[in-house]
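> Here you go, one structure.
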Amino acid sequence: MVVLALPDGLEARDAGPGAGRDAAGDAAGEAGKAPTGTGVRGDGTAAGAGAGGDAAASGDAAPGRGGAGSSGLDVAQRALLRLVASVERASEHPLAAAVVERAREAGLELDEPAAFEAVPGHGVTAQVAGRQVAVGNRRLMEARGVAVGAAADRLAALEEQGKTVMLVAVDGRLAGLIAVADTLKETAPEAVAALHAMGLEVWMITGDNARTARAVARQAGIPEERVLAEVLPADKAAKVRELQERGLKVAMVGDGINDAPALAAADVGIAIGTGTDVAIEAADVTLMRGDLRTLAAAIDLSRATLAKIRQNLFWALIYNTLGIPVAALGYLSPVLAGAAMALSSVSVTTNSTLLKRFDPMRRFRRQERGRPA
């Protein structure tokens, strides 16, 4: 059985030029891979942790398979990767794009898939070069009667490393594994720590298996008890509602098509600007950059805006509470009353304008200045 993965000691040779790079360009997604969404508790705020995905194929070559070429893959691995990438080229999932990119880096010519079918939350199937190929998770293999017991140990080991593992079946038999490294965004741990410091609960909702989800959560600083794993796309909105039923104000951060229902169901939906148009349309707020620290910055900005609104309302109320009785008793001339009203409007506008001086990224800039060069 061929295993395409990233075993220790071979990452530099086999990962190819795309390894370690966020497949989405920059969040979340997830957001490269970015199937994950995050629910938080707070005053109309939101939080998220993203993970990007890069496919890499390893030289896990067994004796007798032939030597590895410049791509770091032996003959059998190249054949399997070609089949998988030919199927995935018809998919819009970020993981699929990473697999196709890896195949192209290896110089493989891909075939056109026939009878392609995407099964939400499970995987994809298609016919390639007259062979029936299925690529997906355990649920997809079980639904098609494919035994995966022979790969159980290897599968568990890869998942414990935080990799998303896709099983590959060819003509109804398990043919190999594709492990996609979940490259956590560099700013994700910093963003999660900032959200915790703001008193928010950060949750991760993902379709990944529990092992991979927990591994990624540990890297991001999210408690394992707040990880909701193996959630089907259609069930993400239900998970959001479950959190709401606990009395939490929930915001959902996502960037994929599958995140759209959950974004709409949340009290506040926040989309990553590098994500899909469907997610952006369903969200209330869009982060223009993939830097997850802008999520905490957006919350700080919203809180500062609400503070200004409360200040303006307070002073306007005090102003009129004192001014109206004075004017009613005749101690305030019409000229002075008009001037007082104009001054009220100017003071409110001036106070609001001071918000332009607010720097929502200041907490992160202070941290950067405090780091050793």
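Ordered as shown in the structure tokens, chains take letters A, B, and onward, while each chain numbers its residues from 1 and ligands are numbered from 1 in the order shown.
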Would you list the contacts of Lys239 of chain A as a compact mmCIF listing (two decimals) with C-alpha atoms, in the first residue's frame, taking every protein, DNA or RNA residue within 12 Å and counting only C-alpha atoms, but skipping same-chain residues closer than 4 positions in sequence?

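around_33.txt, written as the output of this step:
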# COMPACT_ATOMS: atom_id res chain seq x y z
CA GLY A 37 -15.43 28.05 12.15
CA THR A 38 -15.21 29.41 15.65
CA GLY A 39 -17.91 30.37 18.12
CA TRP A 203 -14.45 27.37 20.06
CA MET A 204 -13.46 25.44 16.96
CA ILE A 205 -16.06 23.76 14.77
CA THR A 206 -14.54 21.55 12.10
CA GLY A 207 -15.27 18.61 9.89
CA ARG A 226 -14.06 23.55 23.18
CA VAL A 227 -13.33 21.59 20.01
CA LEU A 228 -16.33 20.28 18.06
CA ALA A 229 -14.91 17.83 15.53
CA GLU A 230 -16.29 15.66 12.72
CA VAL A 231 -19.14 18.07 12.15
CA LEU A 232 -20.81 17.68 8.76
CA PRO A 233 -21.26 20.88 6.72
CA ALA A 234 -25.03 20.73 7.15
CA ASP A 235 -24.64 20.46 10.95
CA LEU A 243 -24.12 27.17 21.80
CA GLN A 244 -26.81 29.84 21.64
CA GLU A 245 -29.17 27.63 23.62
CA ARG A 246 -26.58 27.57 26.39
CA VAL A 250 -22.21 33.39 19.39
CA ALA A 251 -20.24 34.68 16.47
CA MET A 252 -19.11 32.44 13.64
CA ASP A 259 -19.72 27.89 6.57
CA PRO A 261 -25.44 28.58 6.97
CA ALA A 262 -23.58 28.82 10.28
CA LEU A 263 -22.54 32.40 9.53
CA ALA A 265 -27.35 31.46 12.09
CA ALA A 266 -24.85 33.13 14.42
> I'd like the neighbourhood of Glu117 of chain A as a PDB file with C-alpha atoms, in the first residue's frame, where a residue qualifies if any of its atoms comes within 10 Å (using only C-alpha atoms), though same-chain residues fewer than 4 positions away should be ignored.

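out04.pdb, written as the output of this step:
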ATOM      1  CA  VAL A  87     -10.154  13.405  -9.321  1.00  0.00           C
ATOM      2  CA  ALA A  90     -12.787  18.869 -10.451  1.00  0.00           C
ATOM      3  CA  SER A  91     -13.270  19.865  -6.802  1.00  0.00           C
ATOM      4  CA  GLY A 123     -15.169  13.310  -0.004  1.00  0.00           C
ATOM      5  CA  VAL A 124     -15.269  12.907  -3.769  1.00  0.00           C
ATOM      6  CA  THR A 125     -15.553  10.102  -6.289  1.00  0.00           C
ATOM      7  CA  ALA A 126     -14.923   9.888 -10.022  1.00  0.00           C
ATOM      8  CA  GLN A 127     -13.762   7.645 -12.813  1.00  0.00           C
ATOM      9  CA  ALA A 134     -12.874   7.528  -4.149  1.00  0.00           C
TER      10      ALA A 134
END
> Counting only C-alpha atoms, what is within 10 Å of Gln311 of chain A, bar same-chain residues fewer than 4 positions away, as a PDB file with C-alpha atoms, in the first residue's frame?

ATOM      1  CA  THR A 305     -17.302  52.581  18.785  1.00  0.00           C
ATOM      2  CA  LEU A 306     -19.957  51.476  21.268  1.00  0.00           C
ATOM      3  CA  ALA A 307     -18.120  53.381  24.009  1.00  0.00           C
ATOM      4  CA  TRP A 315     -23.577  63.946  27.432  1.00  0.00           C
ATOM      5  CA  ALA A 316     -26.487  64.748  25.133  1.00  0.00           C
ATOM      6  CA  LEU A 317     -28.899  63.565  27.824  1.00  0.00           C
ATOM      7  CA  VAL A 348     -20.784  65.108  19.838  1.00  0.00           C
ATOM      8  CA  ASN A 351     -15.953  63.238  20.342  1.00  0.00           C
ATOM      9  CA  SER A 352     -16.849  60.856  17.520  1.00  0.00           C
TER      10      SER A 352
END
> Step one, run DSSP on the backbone; step two, keep only residues of segment 79-213 of chain A assigned to strand (DSSP E); then write them as a PyMOL selection string.
chain A and resi 114-119+123-128+131-136+163-170+173-184+204-205
> Using only C-alpha atoms, pick whichever of A:Glu160, A:Asp359, A:Ala79, A:Val240 has the shortest atom-to-atom distance to Ala217 of chain A.
A:Glu160
> Write down as JSON, numbers by chain the residues of segment 118-225 of chain A whose backbone DSSP state falls under helix (DSSP H, G or I).
{"A": [138, 139, 140, 141, 142, 143, 149, 150, 151, 152, 153, 154, 155, 156, 157, 158, 159, 160, 188, 189, 190, 191, 192, 193, 194, 195, 196, 197, 210, 211, 212, 213, 214, 215, 216, 217, 218, 219, 220, 224, 225]}
> Here is a test: counting only C-alpha atoms, which residue of A:Gly149, A:Arg78, A:Glu92, A:Ala339 is nearest to Ile257 of chain A?
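Of A:Gly149, A:Arg78, A:Glu92, A:Ala339, the one nearest Ile257 of chain A, counting only C-alpha atoms, is A:Glu92.
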> Suppose you want the space between atom CA of Val148 of chain A and atom CA of Ala210 of chain A; what is it in Å?
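These atoms are spaced 17.4 Å apart.
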> Just the residues within 10 Å of Tyr319 of chain A, please, counting only C-alpha atoms, with nothing from its chain fewer than 6 positions along; format it as a ChimeraX atom specification.
/A:313,340-341,344
> Might you pull out every residue within 7 Å of Val285 of chain A, with only C-alpha atoms counted and same-chain residues fewer than 5 positions away left off, and present them as a list of chain:residue names?
A:Gly269, A:Ile270, A:Ala271
> Write out as a list in words each polymer residue whose atoms come within 8 Å of Glu88 of chain A, counting only C-alpha atoms; drop sequence neighbours fewer than 6 positions from it.
Ala96, Ala97, Val99, Val100 and Val124 of chain A
> Those same residues - N, CA, C and O atoms - I'd like them written as a PDB file, in the first residue's frame.

ATOM      1  N   ALA A  96      -8.303  19.994  -2.075  1.00  0.00           N
ATOM      2  CA  ALA A  96      -8.165  19.475  -3.428  1.00  0.00           C
ATOM      3  C   ALA A  96      -7.157  20.306  -4.218  1.00  0.00           C
ATOM      4  O   ALA A  96      -6.310  19.772  -4.941  1.00  0.00           O
ATOM      5  N   ALA A  97      -7.236  21.613  -4.058  1.00  0.00           N
ATOM      6  CA  ALA A  97      -6.303  22.491  -4.764  1.00  0.00           C
ATOM      7  C   ALA A  97      -4.867  22.219  -4.339  1.00  0.00           C
ATOM      8  O   ALA A  97      -3.938  22.252  -5.152  1.00  0.00           O
ATOM      9  N   VAL A  99      -3.654  19.322  -3.273  1.00  0.00           N
ATOM     10  CA  VAL A  99      -3.244  18.041  -3.857  1.00  0.00           C
ATOM     11  C   VAL A  99      -2.886  18.225  -5.331  1.00  0.00           C
ATOM     12  O   VAL A  99      -1.871  17.705  -5.818  1.00  0.00           O
ATOM     13  N   VAL A 100      -3.708  18.963  -6.049  1.00  0.00           N
ATOM     14  CA  VAL A 100      -3.449  19.192  -7.478  1.00  0.00           C
ATOM     15  C   VAL A 100      -2.146  19.961  -7.664  1.00  0.00           C
ATOM     16  O   VAL A 100      -1.343  19.659  -8.556  1.00  0.00           O
ATOM     17  N   VAL A 124     -14.913  12.840  -2.352  1.00  0.00           N
ATOM     18  CA  VAL A 124     -15.269  12.907  -3.769  1.00  0.00           C
ATOM     19  C   VAL A 124     -15.031  11.548  -4.419  1.00  0.00           C
ATOM     20  O   VAL A 124     -14.207  10.750  -3.957  1.00  0.00           O
TER      21      VAL A 124
END
> Determine, counting only C-alpha atoms, which protein, DNA and RNA residues have an atom within 12 Å of an atom of Leu80 of chain A; residues of the same chain fewer than 5 positions away are not included. Present the result as a list in words.
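My reading of the contact set: Met1, Val2, Val3, Leu4, Ala57, Leu73, Asp74, Val75, Ala85, Ser86, Val87, Val99, Ala103, Leu108, Leu110, Val128, Arg131, Val133, Ala134, Val135, Leu167, Val168, Ala169, Val170, Leu174, Ala175, Gly176, Leu177 and Ile178 of chain A.
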> Please save N, CA and C atoms of the selected residues as a compact mmCIF listing (two decimals), in the first residue's frame.

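Contents of the output file part_28.txt:
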# COMPACT_ATOMS: atom_id res chain seq x y z
N MET A 1 0.85 -1.20 0.00
CA MET A 1 0.00 0.00 0.00
C MET A 1 0.88 1.24 0.00
N VAL A 2 0.57 2.20 -0.82
CA VAL A 2 1.36 3.42 -0.94
C VAL A 2 0.84 4.45 0.06
N VAL A 3 1.73 5.11 0.73
CA VAL A 3 1.36 6.18 1.67
C VAL A 3 1.99 7.48 1.20
N LEU A 4 1.19 8.46 0.92
CA LEU A 4 1.67 9.80 0.58
C LEU A 4 1.48 10.65 1.82
N ALA A 57 3.68 14.99 -0.67
CA ALA A 57 3.78 13.54 -0.84
C ALA A 57 5.17 13.11 -0.41
N LEU A 73 9.26 11.05 -5.12
CA LEU A 73 8.23 10.02 -5.11
C LEU A 73 8.69 8.82 -5.92
N ASP A 74 8.31 7.62 -5.46
CA ASP A 74 8.63 6.45 -6.26
C ASP A 74 7.53 6.25 -7.31
N VAL A 75 7.69 5.22 -8.11
CA VAL A 75 6.77 5.01 -9.23
C VAL A 75 5.34 4.79 -8.75
N ALA A 85 -5.08 13.32 -7.83
CA ALA A 85 -5.10 14.70 -8.33
C ALA A 85 -6.04 14.84 -9.52
N SER A 86 -6.14 13.80 -10.35
CA SER A 86 -7.06 13.85 -11.48
C SER A 86 -8.51 13.96 -11.01
N VAL A 87 -8.81 13.29 -9.89
CA VAL A 87 -10.15 13.40 -9.32
C VAL A 87 -10.35 14.78 -8.70
N VAL A 99 -3.65 19.32 -3.27
CA VAL A 99 -3.24 18.04 -3.86
C VAL A 99 -2.89 18.23 -5.33
N ALA A 103 0.76 17.63 -7.29
CA ALA A 103 0.93 16.77 -8.45
C ALA A 103 1.61 17.53 -9.59
N LEU A 108 3.41 15.75 -12.94
CA LEU A 108 2.46 14.73 -13.39
C LEU A 108 1.43 15.31 -14.34
N LEU A 110 -2.25 15.17 -15.60
CA LEU A 110 -3.51 14.72 -15.01
C LEU A 110 -4.53 14.38 -16.08
N VAL A 128 -11.42 7.66 -13.40
CA VAL A 128 -10.21 8.18 -14.03
C VAL A 128 -9.54 7.03 -14.77
N ARG A 131 -10.90 3.67 -14.15
CA ARG A 131 -10.88 3.14 -12.78
C ARG A 131 -11.75 4.01 -11.88
N VAL A 133 -12.38 5.80 -8.58
CA VAL A 133 -11.54 6.33 -7.51
C VAL A 133 -12.40 7.09 -6.51
N ALA A 134 -12.18 6.81 -5.23
CA ALA A 134 -12.87 7.53 -4.15
C ALA A 134 -11.82 8.11 -3.21
N VAL A 135 -11.95 9.39 -2.90
CA VAL A 135 -11.01 10.08 -2.01
C VAL A 135 -11.80 10.79 -0.92
N LEU A 167 -8.33 9.09 2.74
CA LEU A 167 -8.15 7.71 2.29
C LEU A 167 -8.49 7.62 0.82
N VAL A 168 -7.74 6.78 0.12
CA VAL A 168 -7.92 6.64 -1.33
C VAL A 168 -8.28 5.19 -1.63
N ALA A 169 -9.41 5.01 -2.29
CA ALA A 169 -9.83 3.68 -2.72
C ALA A 169 -9.89 3.65 -4.24
N VAL A 170 -9.34 2.60 -4.82
CA VAL A 170 -9.35 2.42 -6.26
C VAL A 170 -10.05 1.10 -6.57
N LEU A 174 -8.79 -0.27 -0.74
CA LEU A 174 -7.95 0.80 -0.21
C LEU A 174 -6.60 0.77 -0.91
N ALA A 175 -6.21 1.92 -1.47
CA ALA A 175 -4.96 1.98 -2.24
C ALA A 175 -3.90 2.84 -1.57
N GLY A 176 -4.28 3.71 -0.66
CA GLY A 176 -3.28 4.56 -0.03
C GLY A 176 -3.90 5.66 0.79
N LEU A 177 -3.04 6.53 1.30
CA LEU A 177 -3.45 7.68 2.11
C LEU A 177 -2.81 8.94 1.56
N ILE A 178 -3.53 10.02 1.65
CA ILE A 178 -2.97 11.32 1.33
C ILE A 178 -3.05 12.15 2.61
> Tell me, in Å to one decimal, how far atom CA of Pro223 of chain A is from atom CA of Asp255 of chain A.
22.3 Å
> Which of these, A:Ala156, A:Val216, A:Leu301, A:Ala191, has the shortest distance to Ala179 of chain A once you count only C-alpha atoms?
A:Ala156
> At what distance in Å, to one decimal, does atom CA of Arg211 of chain A lie from atom CA of Glu159 of chain A?
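Those two atoms sit 5.5 Å apart.
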> Measuring between only C-alpha atoms, which one of A:Pro94, A:Pro120, A:Gly323, A:Gly221 shows the shortest distance to Pro189 of chain A?
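The answer is A:Gly221, which sits nearest to Pro189 of chain A.
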